[in-house]
Amino acid sequence: MELDTTVQIELYKSMLRVRLLEEKVVELYPDQEMKCPVHLCIGQEAIAAGVCAHLKSDDYLFSNHRGHGHYLAKGGDMRALVAEFYGRTTGCSRGKGGSMHIIDTDVGLLGTSAIVGGGIPMGVGAALAATLRGEDQVSVVFFGDGAFDEGVFYESYNFATLKKLPVIFICENNFYATNSPQRARHAGSRIADAALVFGSTGICVDGNDVEAVHNAAGTAVEHARAGKGPMLVEALTYRWKGHVGPGTDFEAGCRSEAELREWIDRCPIKSFRTKLIENGILNTETNNRIAEAITDEIEEAFQFAMDSPLPEPSDLLTDLFS
Amino acid sequence: MELDTTVQIELYKSMLRVRLLEEKVVELYPDQEMKCPVHLCIGQEAIAAGVCAHLKSDDYLFSNHRGHGHYLAKGGDMRALVAEFYGRTTGCSRGKGGSMHIIDTDVGLLGTSAIVGGGIPMGVGAALAATLRGEDQVSVVFFGDGAFDEGVFYESYNFATLKKLPVIFICENNFYATNSPQRARHAGSRIADAALVFGSTGICVDGNDVEAVHNAAGTAVEHARAGKGPMLVEALTYRWKGHVGPGTDFEAGCRSEAELREWIDRCPIKSFRTKLIENGILNTETNNRIAEAITDEIEEAFQFAMDSPLPEPSDLLTDLFS
Amino acid sequence: MPWTKVYSDRSEFDLAVEKDPALRGLTYRDAILEASTQLLESDSDFFILGEGVDDPGGVFGTTKGLAERFGTERVMDTPLAENGITGVAMGAALAGMRPLLVHMRVDFMTISLDQIANHAAKWSYMFGGAVNVPLTIRAIIGRGWGSAAQHSQSLQAMFTQVPGLKVVMPATPYDAKGLLVSSIYDDNPVIFIEHRGLYETVGHVPKELYNIELGHGVVRREGADVTIVAISQMLSEAIKAARRLSNEGIECEIIDLRTLLPMDKGIIIESVKKTGRLVVADTGWKEGGYSAEVSAVIAEEAFDLLKAPVQRVALPNVPTPASHVLEAAFYKGENDIIEAVKRVVR
Amino acid sequence: MPWTKVYSDRSEFDLAVEKDPALRGLTYRDAILEASTQLLESDSDFFILGEGVDDPGGVFGTTKGLAERFGTERVMDTPLAENGITGVAMGAALAGMRPLLVHMRVDFMTISLDQIANHAAKWSYMFGGAVNVPLTIRAIIGRGWGSAAQHSQSLQAMFTQVPGLKVVMPATPYDAKGLLVSSIYDDNPVIFIEHRGLYETVGHVPKELYNIELGHGVVRREGADVTIVAISQMLSEAIKAARRLSNEGIECEIIDLRTLLPMDKGIIIESVKKTGRLVVADTGWKEGGYSAEVSAVIAEEAFDLLKAPVQRVALPNVPTPASHVLEAAFYKGENDIIEAVKRVVR
Ligand SMILES: Cc1ncc(C[n+]2csc(CCOP(=O)(O)OP(=O)(O)O)c2C)c(N)n1
Ligand SMILES: Cc1ncc(C[n+]2csc(CCOP(=O)(O)OP(=O)(O)O)c2C)c(N)n1
Ligand SMILES: [Mg+2]
Ligand SMILES: [Mg+2]
């Protein structure tokens, strides 16, 4: 099913916004002013973009350590995100969280956990809340192939299916957890198949094809919103950067450069841009205009962050309880 | 495949030994001299018997709160078991464990956990030990349908399959965890199917048919011993007594008497006895002789237990470390 | 104040009612059931989930009949998946509900410690206060009849060491009801630990829904010679000990903290000002237990008041044994409190 | 004894080597790697498992190259399934192996607390000593650079409250090697906690395999005025503090417990006999932390020796914040120790 051109442009913008933000982080991280670990999602942007395009701002979202893309695609405030990288009081977590712990309740993002798998049951719980209140929100959880190792995934999926909760499980399978390849951790090979155990449906999709992701997520969101319970979407992708920080894994000797090159050739953004241009939906000029607008937003966000105040030591003891 | 008659007789004896022991507990429990919770396995004896018939005494076994049958079928010392019920120093756990924590290292039973699911990964670990040492032991874990709710089952099964460890997962599906029916806890309906996610094999078998259990377990044990990894055997059965103690659930208003009656009609021991008698393998006289020998053993075990010394208060502080 | 009184048994309460017919007696168990019922009636954001909450037995009676009356959506049985279900409850709390998660035994919460300590406890702080986690977790301390090592623990100290949690351990029916209500309406994660040995105790419990502010202890008995901080089920042991000691001319002041975290240091220090001596009687282990924190913090903040070292009456450093002989040696009671008092009162 | 000396930095150690060329210098990280290597060489029952142990980085260097050399069966990467894998390691231990399970961060052990506290710790006792669990679990305390609430905890107190565990926290390269070897050969479950901040420290480490008996602290510095019990990374802070205090005429005696559970009470009491004052400097939280137990137990057993209340230098009761400004306010160091000492030495 071919998507509407406005949707296509929005998907493209959404991906590009994430990419350019992450590249800015790569550029500025060596200054050591962002004093926290950063887990970049360059190469994986299509998933956040394709999924979040279906969500309303009051739909719930839970994410993990690699959450910048999810935050932005769900409509999170970029300035507050960048300010959080810089540990400022204007950060989305007022400097308490850092890059691994970002939140924007205005758009339904209720937090990101840096404990692998930790966010999954919470996503189910938010869906339960919506169901108990009789509201039609859905809840989305993003997690990696590493989180699929954890028993909590199964517990959560079983419960969600049992209670037919409106939650969508999005597994971003980038084939590695830190440096451990999927085959060293999973006896099975297709994560999506796990849904079958619970009498539910799994969809495995090319995570670098934003339209394919959009389609799959659309099916899952519709299914959930109709009260039919969860689906498991496995999106195959690759992270270009190291597990943490702006370097690459081949430089660190953790995997081959060839593998990375292959995936760079399948860049979700470049291929989609090419398609849009070929189909006359995008031209160089519009593309540049889009990129410039995003670049401006990013520049402004970094400026905002750097101009923002650092916390006072006395802030240490606030926010424990509300 | 019809079993050898000696095997059949052994299976029958094994089941009967468990049944009569448990019935003795039912009889004497009201005396309040066994001062610990007892989780009886009356109705489920075919599983312990059918599985353990394949095991050598150095094969490993791990079990749960409902472990009397596993203990006996694996060849555990009945006197030490009963003495443990009575909290005596001659108990298999020297009075420290009670009915929920029984052990007999001489026959490879390395303990029973009363934390649901707790024993499962340990069974995998013992199989790992055998593999690392290049020995041919297999390891068996018994667990209930309730333990299938717990994430640790999946974690353990994945790891065992991934590393092709010689461990057999025996799920005694009696359709309830305490009073919670399976359908209130599992989105899926067939536990055995979970093996598929891991590219492994599951077998669902009538757990009240000792020969069927024996066959399925035989396949799984052989598979494991050949270095091909685990299998998941789901044995469908029913517990006649309450979750804990000698009463019944229908008396307590937890389920219908009709349901129990149906299952009593499918008594694993009675039906097997009938078959053996019909086939001329057993006659009333031999049957009586078998029952008497077991009854004698049981009488002797209870006498032994009651004659055994209670711990001294000073024993409280021993055994913490070895 | 009728609610500060602890009745040692049913007959003592019946006598009290004769004198004051306005006293309304309820067991600890029923106080919890009543609070839960009234919350279900009055607040649609409130719901209960946990293993067996819809069971005919109803978690030792504390949820009995609720599923029938309010439906299994609001009184929801769950799979045995403690870590996942705790995360589910937390997610529901983040999305604005006020869940009450129930565990038959606190032992099973070791499985869900990650969701409790790494998530629920940290979520407000970690996100600079952007969200809050109004989650309450009830758990029961089992004991006796050979429950043994995995079904008898008193794990409050596992929680009182986690910043971001509140920990409540009511010792009377009145407190059980009022503190449960307050826990539910607290916007932060609260671990609410009950002792099975208290379930039959009877006391005055008002019919209406009421709050008891978290974080405040109460003096259960006044006395000038020694302060006893008694936690949960140890309160009745302390009262028995105090009666016997009184016969020997030693007067104990007994403090029931009710909320362990945050600790009401003030009420302890006030009392120690008078007595100069402190005994802490806890249901948990001594080594690394909650009594260590009470001891340490009072020594820090009131060292000059102390005429003798703080004494801890708590469990020896072994798991719970099964045999009744060993159980008797393991658990602490009035005699141990009396000994501890005598060590410091000379 | 060359091994009791703590070198504040590489240059100090280099100077020491000039004087005594027999001194063999190794970092804390390499001491662990060396112990692991030699155990793999010498004992076929020993193996290592954990997330990323075969990684090129090798758990911050501590397992680097081992998988290549000994194979991925004996140096085994595992799925991210902390509870299950801990149970697997425990099962292997029950079946006669001596597994070393490695966690990059101690924070992840909250997930496996059930296997640790309900199973490994209790298995020997619960079965009357019929079996033992020779399992060692290494875990690292992360810190700094915005690691934040879930990647920076110092969770020793979560373990020191569990009867049946031993807990070791070496502060020097010498101890790291010797205590790791002893932990592996201990027949009981040992939690072995390292502080990432110590990894670069250099000290004398003998080449051969050697044991340091668990349960024995060591005096790192002698002094008559105050005793400082310093845990793990706080040892170097205590040494710095002691140097500065010495300039003001205050002499600190510094004790490194090395094993937290069982606690070497004797060495503390011996020292307090001389000094009459005690400061406990811990890397963990203050409230409910290990320092509470030290404080409580010393007060109990040596109250009359204490001229002042035991002081605890430990973390304030909030999760770790990310912003570096807040990190600086959160962590404790030499200045806090100096203040604590001055509060008690008048
Ligand atoms: C429970 C837990 N175990 C281990 C870690 C350390 N860790 C952080 S991220 C990560 C890899 C996660 O892999 P995956 O889920 O595939 O996400 P990706 O990083 O590939 O996006 C690991 C092992 C952790 N944070 N939490
Ligand atoms: C982790 C954990 N959760 C809950 C319990 C309480 N409990 C004890 S046995 C049991 C039911 C277990 O059901 P199942 O595994 O099917 O075994 P069955 O009793 O049917 O043989 C429950 C819920 C427990 N012991 N451990
Ligand atoms: Mg991944
Ligand atoms: Mg069952």
# chains A, B, ... in the order shown; residues from 1 in each chain; ligands from 1
$ residues_around --residues "Gly69 in chain B" --least-positions-apart "6" --cutoff "9 Å" --atoms "only C-alpha atoms" --output "PyMOL selection string"
chain B and resi 14-15+17-19+21-22+40-42+44-45+47-49
$ residues_near_ligand --ligand "ligand 2" --cutoff "6 Å" --atoms "only C-alpha atoms and all ligand atoms" --output "ChimeraX atom specification"
/B:66,114-116,143-147,174,176-178,243 /C:80,108
$ write_last_selection --atoms "C-alpha atoms" --output "CSV table (one decimal), in the first residue's frame"
chain,number,residue,atom,x,y,z
B,66,ARG,CA,5.5,-30.5,45.3
B,114,ALA,CA,9.7,-23.5,47.1
B,115,ILE,CA,10.1,-20.3,45.0
B,116,VAL,CA,8.0,-21.1,41.9
B,143,PHE,CA,8.0,-27.7,37.6
B,144,GLY,CA,4.4,-26.8,37.4
B,145,ASP,CA,2.2,-24.9,35.0
B,146,GLY,CA,2.6,-22.0,37.4
B,147,ALA,CA,6.3,-21.9,36.9
B,174,ASN,CA,-2.2,-29.8,36.6
B,176,TYR,CA,-3.9,-24.8,38.4
B,177,ALA,CA,-1.4,-22.7,40.4
B,178,THR,CA,-2.8,-22.7,43.8
B,243,HIS,CA,-2.7,-27.0,47.0
C,80,LEU,CA,3.1,-15.8,38.7
C,108,PHE,CA,8.6,-13.3,46.5
$ interface_residues --of "chain A" --to "chain C" --cutoff "7 Å" --atoms "only C-alpha atoms" --output "PyMOL selection string"
chain A and resi 93-94+96-97+101-103+121-126+128-129+152+155-156+319-322
$ interface_residues --of "chain B" --to "chain A" --cutoff "10 Å" --atoms "only C-alpha atoms" --output "JSON, numbers by chain"
{"B": [148, 149, 150, 151, 152, 153, 154, 155, 156, 157, 158, 159, 160, 161, 162, 163, 164, 183, 184, 185, 186, 187, 188, 189, 190, 191, 192, 193, 194, 195, 196, 197, 198, 199, 200]}
$ write_last_selection --atoms "N, CA and C atoms" --output "CSV table (one decimal), in the first residue's frame"
chain,number,residue,atom,x,y,z
B,148,PHE,N,5.6,-21.9,34.6
B,148,PHE,CA,5.7,-21.5,33.2
B,148,PHE,C,5.3,-20.0,33.1
B,149,ASP,N,4.7,-19.5,34.1
B,149,ASP,CA,4.3,-18.0,34.1
B,149,ASP,C,5.6,-17.2,34.2
B,150,GLU,N,6.6,-17.7,34.8
B,150,GLU,CA,7.8,-17.0,35.3
B,150,GLU,C,8.8,-16.8,34.2
B,151,GLY,N,9.3,-15.6,34.0
B,151,GLY,CA,10.3,-15.3,33.0
B,151,GLY,C,11.5,-16.2,33.1
B,152,VAL,N,11.8,-16.7,34.2
B,152,VAL,CA,13.0,-17.5,34.4
B,152,VAL,C,12.9,-18.8,33.6
B,153,PHE,N,11.7,-19.3,33.4
B,153,PHE,CA,11.6,-20.5,32.5
B,153,PHE,C,12.1,-20.2,31.1
B,154,TYR,N,11.8,-19.1,30.5
B,154,TYR,CA,12.2,-18.7,29.2
B,154,TYR,C,13.7,-18.5,29.1
B,155,GLU,N,14.2,-17.8,30.1
B,155,GLU,CA,15.6,-17.5,30.2
B,155,GLU,C,16.4,-18.9,30.2
B,156,SER,N,15.9,-19.8,31.0
B,156,SER,CA,16.6,-21.1,31.2
B,156,SER,C,16.5,-21.9,29.9
B,157,TYR,N,15.3,-21.9,29.4
B,157,TYR,CA,15.1,-22.8,28.2
B,157,TYR,C,15.9,-22.2,27.0
B,158,ASN,N,15.9,-20.9,26.9
B,158,ASN,CA,16.7,-20.3,25.8
B,158,ASN,C,18.2,-20.7,26.0
B,159,PHE,N,18.7,-20.5,27.1
B,159,PHE,CA,20.1,-20.8,27.4
B,159,PHE,C,20.4,-22.3,27.2
B,160,ALA,N,19.6,-23.1,27.7
B,160,ALA,CA,19.8,-24.6,27.5
B,160,ALA,C,19.8,-25.0,26.0
B,161,THR,N,18.9,-24.4,25.3
B,161,THR,CA,18.9,-24.8,23.9
B,161,THR,C,20.1,-24.2,23.1
B,162,LEU,N,20.4,-23.0,23.4
B,162,LEU,CA,21.5,-22.3,22.8
B,162,LEU,C,22.8,-23.1,23.0
B,163,LYS,N,23.0,-23.6,24.2
B,163,LYS,CA,24.2,-24.3,24.5
B,163,LYS,C,24.0,-25.8,24.3
B,164,LYS,N,22.9,-26.3,23.9
B,164,LYS,CA,22.6,-27.7,23.7
B,164,LYS,C,22.9,-28.5,24.9
B,183,ARG,N,-6.1,-20.9,32.4
B,183,ARG,CA,-6.6,-19.9,31.5
B,183,ARG,C,-6.6,-18.5,32.0
B,184,ALA,N,-6.5,-18.3,33.4
B,184,ALA,CA,-6.4,-17.0,34.0
B,184,ALA,C,-4.9,-16.5,34.0
B,185,ARG,N,-4.0,-17.3,33.5
B,185,ARG,CA,-2.6,-16.9,33.6
B,185,ARG,C,-1.9,-17.0,32.3
B,186,HIS,N,-2.3,-17.9,31.4
B,186,HIS,CA,-1.6,-18.1,30.2
B,186,HIS,C,-2.4,-17.6,29.0
B,187,ALA,N,-1.8,-16.8,28.2
B,187,ALA,CA,-2.4,-16.4,26.9
B,187,ALA,C,-2.5,-17.5,25.9
B,188,GLY,N,-1.4,-18.3,25.9
B,188,GLY,CA,-1.4,-19.5,25.0
B,188,GLY,C,-2.0,-20.6,25.8
B,189,SER,N,-2.3,-21.7,25.0
B,189,SER,CA,-2.9,-22.8,25.7
B,189,SER,C,-2.1,-24.1,25.8
B,190,ARG,N,-1.1,-24.2,25.0
B,190,ARG,CA,-0.2,-25.4,25.0
B,190,ARG,C,1.2,-25.0,25.4
B,191,ILE,N,1.5,-25.4,26.6
B,191,ILE,CA,2.8,-25.1,27.2
B,191,ILE,C,3.9,-25.7,26.3
B,192,ALA,N,3.7,-26.9,25.8
B,192,ALA,CA,4.8,-27.5,25.1
B,192,ALA,C,5.2,-26.7,23.8
B,193,ASP,N,4.3,-25.9,23.3
B,193,ASP,CA,4.6,-25.1,22.1
B,193,ASP,C,5.7,-24.1,22.4
B,194,ALA,N,5.9,-23.7,23.6
B,194,ALA,CA,6.9,-22.7,23.9
B,194,ALA,C,8.3,-23.1,23.3
B,195,ALA,N,8.5,-24.4,23.3
B,195,ALA,CA,9.8,-24.9,22.8
B,195,ALA,C,10.1,-24.4,21.4
B,196,LEU,N,9.1,-24.2,20.6
B,196,LEU,CA,9.2,-23.8,19.2
B,196,LEU,C,10.0,-22.5,19.1
B,197,VAL,N,9.7,-21.6,19.9
B,197,VAL,CA,10.3,-20.3,19.9
B,197,VAL,C,11.8,-20.4,19.8
B,198,PHE,N,12.3,-21.4,20.5
B,198,PHE,CA,13.7,-21.6,20.6
B,198,PHE,C,14.3,-22.6,19.6
B,199,GLY,N,13.4,-23.0,18.7
B,199,GLY,CA,13.9,-24.0,17.7
B,199,GLY,C,14.1,-25.4,18.3
B,200,SER,N,13.4,-25.6,19.4
B,200,SER,CA,13.5,-26.9,20.1
B,200,SER,C,12.1,-27.6,20.0
$ closest_atom_pairs --of "chain C" --to "chain D" --cutoff "6 Å" --atoms "only C-alpha atoms" --output "tab-separated table"
residue	atom	partner	partner_atom	distance
C:Thr110	CA	D:Asp114	CA	4.9
C:Ile111	CA	D:Asp114	CA	5.1
C:Leu113	CA	D:Thr110	CA	5.7
C:Asp114	CA	D:Thr110	CA	4.9
C:Gln161	CA	D:Gly288	CA	4.4
C:Pro163	CA	D:Val318	CA	5.2
C:Glu287	CA	D:Gln161	CA	5.9
C:Gly288	CA	D:Gln161	CA	4.4
C:Ala292	CA	D:Glu293	CA	5.2
C:Glu293	CA	D:Ala292	CA	5.2
C:Ser295	CA	D:Ala296	CA	5.5
C:Ala296	CA	D:Ala292	CA	5.3
C:Ala299	CA	D:Pro309	CA	5.8
C:Glu300	CA	D:Pro309	CA	5.4
C:Phe303	CA	D:Pro309	CA	5.6
C:Pro309	CA	D:Glu300	CA	5.4
C:Asn317	CA	D:Pro163	CA	5.2
C:Val318	CA	D:Pro163	CA	5.2
$ write_last_selection --atoms "C-alpha atoms" --output "PDB file, in the first residue's frame"
ATOM      1  CA  THR C 110      13.149 -10.552  45.762  1.00  0.00           C
ATOM      2  CA  ILE C 111      12.107 -11.468  42.222  1.00  0.00           C
ATOM      3  CA  LEU C 113      13.415  -6.002  43.292  1.00  0.00           C
ATOM      4  CA  ASP C 114      14.623  -4.625  40.000  1.00  0.00           C
ATOM      5  CA  GLN C 161      17.872   0.859  52.216  1.00  0.00           C
ATOM      6  CA  PRO C 163      16.089   5.869  48.554  1.00  0.00           C
ATOM      7  CA  GLU C 287      22.888  -8.182  60.912  1.00  0.00           C
ATOM      8  CA  GLY C 288      22.350  -5.472  58.348  1.00  0.00           C
ATOM      9  CA  ALA C 292      21.046  -1.328  62.682  1.00  0.00           C
ATOM     10  CA  GLU C 293      19.886   1.893  61.097  1.00  0.00           C
ATOM     11  CA  SER C 295      20.837   2.126  66.335  1.00  0.00           C
ATOM     12  CA  ALA C 296      23.254   4.035  64.129  1.00  0.00           C
ATOM     13  CA  ALA C 299      23.790   7.076  68.272  1.00  0.00           C
ATOM     14  CA  GLU C 300      24.713   9.753  65.755  1.00  0.00           C
ATOM     15  CA  PHE C 303      24.880   9.964  71.586  1.00  0.00           C
ATOM     16  CA  PRO C 309      24.560   0.938  74.107  1.00  0.00           C
ATOM     17  CA  ASN C 317      22.166 -14.627  61.165  1.00  0.00           C
ATOM     18  CA  VAL C 318      20.765 -17.814  59.628  1.00  0.00           C
TER      19      VAL C 318
END
$ residues_around --residues "Ala242 in chain C" --least-positions-apart "3" --cutoff "7 Å" --atoms "only C-alpha atoms" --output "PyMOL selection string"
chain C and resi 238-239+245-246+251-252
$ residues_around --residues "range 265-279 of chain B" --least-positions-apart "4" --cutoff "6 Å" --atoms "only C-alpha atoms" --output "compact mmCIF listing (two decimals) with N, CA and C atoms, in the first residue's frame"
# COMPACT_ATOMS: atom_id res chain seq x y z
N ASN B 208 -1.30 -38.74 32.99
CA ASN B 208 -1.88 -39.80 33.82
C ASN B 208 -1.65 -41.18 33.19
N ASP B 209 -0.97 -41.19 32.07
CA ASP B 209 -0.65 -42.45 31.40
C ASP B 209 0.84 -42.68 31.54
N ASN B 283 -1.14 -59.94 38.84
CA ASN B 283 -2.38 -60.52 39.35
C ASN B 283 -2.61 -60.02 40.76
$ select_by_dssp --residues "range 134-190 of chain A" --states "strand (DSSP E or B)" --output "NGL selection string"
:A and (139-144 or 167-173 or 176-177 or 180-181)
$ residues_around --residues "Gly203 in chain D" --least-positions-apart "6" --cutoff "7 Å" --atoms "only C-alpha atoms" --output "JSON list (two decimals) with N, CA, C and O atoms, in the first residue's frame"
[["chain", "number", "residue", "atom", "x", "y", "z"],
["D", 6, "VAL", "N", 49.46, 1.08, 50.44],
["D", 6, "VAL", "CA", 48.61, 1.56, 49.34],
["D", 6, "VAL", "C", 49.33, 2.72, 48.67],
["D", 6, "VAL", "O", 49.73, 3.67, 49.33],
["D", 7, "TYR", "N", 49.51, 2.61, 47.38],
["D", 7, "TYR", "CA", 50.20, 3.66, 46.65],
["D", 7, "TYR", "C", 49.19, 4.62, 46.06],
["D", 7, "TYR", "O", 48.26, 4.21, 45.36],
["D", 13, "PHE", "N", 54.45, 4.42, 43.36],
["D", 13, "PHE", "CA", 54.84, 3.02, 43.25],
["D", 13, "PHE", "C", 56.19, 2.90, 42.55],
["D", 13, "PHE", "O", 57.05, 2.11, 42.97],
["D", 25, "GLY", "N", 54.76, -4.68, 40.21],
["D", 25, "GLY", "CA", 53.61, -3.79, 40.12],
["D", 25, "GLY", "C", 52.55, -4.30, 39.15],
["D", 25, "GLY", "O", 52.86, -4.81, 38.08],
["D", 26, "LEU", "N", 51.32, -4.19, 39.58],
["D", 26, "LEU", "CA", 50.22, -4.59, 38.70],
["D", 26, "LEU", "C", 49.03, -3.68, 39.04],
["D", 26, "LEU", "O", 48.86, -3.28, 40.19],
["D", 27, "THR", "N", 48.24, -3.39, 38.03],
["D", 27, "THR", "CA", 47.02, -2.65, 38.34],
["D", 27, "THR", "C", 46.00, -3.61, 38.96],
["D", 27, "THR", "O", 46.10, -4.82, 38.80],
["D", 172, "THR", "N", 42.78, -3.03, 47.04],
["D", 172, "THR", "CA", 44.13, -2.94, 46.46],
["D", 172, "THR", "C", 44.32, -4.08, 45.45],
["D", 172, "THR", "O", 43.63, -5.10, 45.52],
["D", 173, "PRO", "N", 45.28, -3.92, 44.56],
["D", 173, "PRO", "CA", 45.56, -4.99, 43.59],
["D", 173, "PRO", "C", 45.94, -6.30, 44.30],
["D", 173, "PRO", "O", 45.48, -7.38, 43.90],
["D", 174, "TYR", "N", 46.73, -6.20, 45.33],
["D", 174, "TYR", "CA", 47.14, -7.40, 46.05],
["D", 174, "TYR", "C", 45.92, -8.16, 46.57],
["D", 174, "TYR", "O", 45.79, -9.38, 46.42]]
$ atom_distance --atom1 "CA of Ala35 in chain C" --atom2 "CA of Arg196 in chain C"
17.4 Å
$ residues_around --residues "Arg24 in chain D" --least-positions-apart "2" --cutoff "7 Å" --atoms "only C-alpha atoms" --output "compact mmCIF listing (two decimals) with C-alpha atoms, in the first residue's frame"
# COMPACT_ATOMS: atom_id res chain seq x y z
CA ALA D 22 61.52 -7.20 44.04
CA LEU D 26 50.22 -4.59 38.70
CA HIS D 204 52.58 -5.03 44.55
CA VAL D 205 51.12 -8.30 43.35
CA PRO D 206 53.03 -11.58 43.60
$ closest_residue --among "A:Lys13, A:Arg225, A:His65, A:Arg289" --to "ligand 1" --atoms "only C-alpha atoms and all ligand atoms"
A:His65
$ atom_distance --atom1 "CA of Thr105 in chain A" --atom2 "CA of His54 in chain A"
17.6 Å
$ residues_around --residues "Asp77 in chain A" --least-positions-apart "6" --cutoff "10 Å" --atoms "only C-alpha atoms" --output "VMD selection string"
chain A and resid 71 91 to 92 103 to 104 106 to 107 301
$ write_last_selection --atoms "all heavy atoms" --output "JSON list (two decimals), in the first residue's frame"
[["chain", "number", "residue", "atom", "x", "y", "z"],
["A", 71, "TYR", "N", 12.25, 9.64, 21.44],
["A", 71, "TYR", "CA", 11.85, 10.89, 22.06],
["A", 71, "TYR", "C", 11.44, 11.91, 20.99],
["A", 71, "TYR", "O", 10.37, 12.51, 21.04],
["A", 71, "TYR", "CB", 13.03, 11.41, 22.89],
["A", 71, "TYR", "CG", 12.84, 12.74, 23.58],
["A", 71, "TYR", "CD1", 12.56, 12.79, 24.95],
["A", 71, "TYR", "CD2", 13.00, 13.94, 22.90],
["A", 71, "TYR", "CE1", 12.43, 14.00, 25.61],
["A", 71, "TYR", "CE2", 12.87, 15.16, 23.54],
["A", 71, "TYR", "CZ", 12.57, 15.19, 24.90],
["A", 71, "TYR", "OH", 12.44, 16.39, 25.55],
["A", 91, "GLY", "N", 16.79, 20.79, 31.28],
["A", 91, "GLY", "CA", 16.70, 19.48, 30.65],
["A", 91, "GLY", "C", 15.37, 18.81, 30.96],
["A", 91, "GLY", "O", 14.72, 19.15, 31.96],
["A", 92, "CYS", "N", 15.01, 17.88, 30.13],
["A", 92, "CYS", "CA", 13.69, 17.23, 30.33],
["A", 92, "CYS", "C", 13.62, 16.53, 31.67],
["A", 92, "CYS", "O", 12.54, 16.30, 32.20],
["A", 92, "CYS", "CB", 13.39, 16.27, 29.18],
["A", 92, "CYS", "SG", 14.62, 14.97, 28.96],
["A", 103, "ILE", "N", 12.44, 12.05, 29.21],
["A", 103, "ILE", "CA", 11.00, 11.98, 29.44],
["A", 103, "ILE", "C", 10.33, 13.20, 28.83],
["A", 103, "ILE", "O", 10.95, 14.27, 28.74],
["A", 103, "ILE", "CB", 10.73, 11.90, 30.97],
["A", 103, "ILE", "CG1", 9.28, 11.50, 31.27],
["A", 103, "ILE", "CG2", 11.08, 13.22, 31.66],
["A", 103, "ILE", "CD1", 9.09, 10.97, 32.69],
["A", 104, "ASP", "N", 9.13, 13.03, 28.37],
["A", 104, "ASP", "CA", 8.33, 14.19, 27.97],
["A", 104, "ASP", "C", 6.86, 13.80, 28.14],
["A", 104, "ASP", "O", 6.24, 13.23, 27.25],
["A", 104, "ASP", "CB", 8.63, 14.63, 26.54],
["A", 104, "ASP", "CG", 8.04, 16.00, 26.24],
["A", 104, "ASP", "OD1", 7.02, 16.37, 26.89],
["A", 104, "ASP", "OD2", 8.57, 16.72, 25.37],
["A", 106, "ASP", "N", 4.29, 15.49, 28.20],
["A", 106, "ASP", "CA", 3.33, 16.18, 27.33],
["A", 106, "ASP", "C", 3.00, 15.37, 26.08],
["A", 106, "ASP", "O", 1.94, 15.53, 25.48],
["A", 106, "ASP", "CB", 3.89, 17.54, 26.89],
["A", 106, "ASP", "CG", 3.88, 18.53, 28.03],
["A", 106, "ASP", "OD1", 3.18, 18.28, 29.03],
["A", 106, "ASP", "OD2", 4.60, 19.55, 27.93],
["A", 107, "VAL", "N", 3.94, 14.54, 25.67],
["A", 107, "VAL", "CA", 3.67, 13.73, 24.48],
["A", 107, "VAL", "C", 3.58, 12.25, 24.83],
["A", 107, "VAL", "O", 3.73, 11.38, 23.97],
["A", 107, "VAL", "CB", 4.74, 13.97, 23.38],
["A", 107, "VAL", "CG1", 4.68, 15.42, 22.91],
["A", 107, "VAL", "CG2", 6.14, 13.62, 23.87],
["A", 301, "ALA", "N", 18.64, 24.46, 19.65],
["A", 301, "ALA", "CA", 18.52, 23.60, 20.83],
["A", 301, "ALA", "C", 19.86, 23.52, 21.58],
["A", 301, "ALA", "O", 19.91, 23.59, 22.81],
["A", 301, "ALA", "CB", 18.05, 22.21, 20.42]]
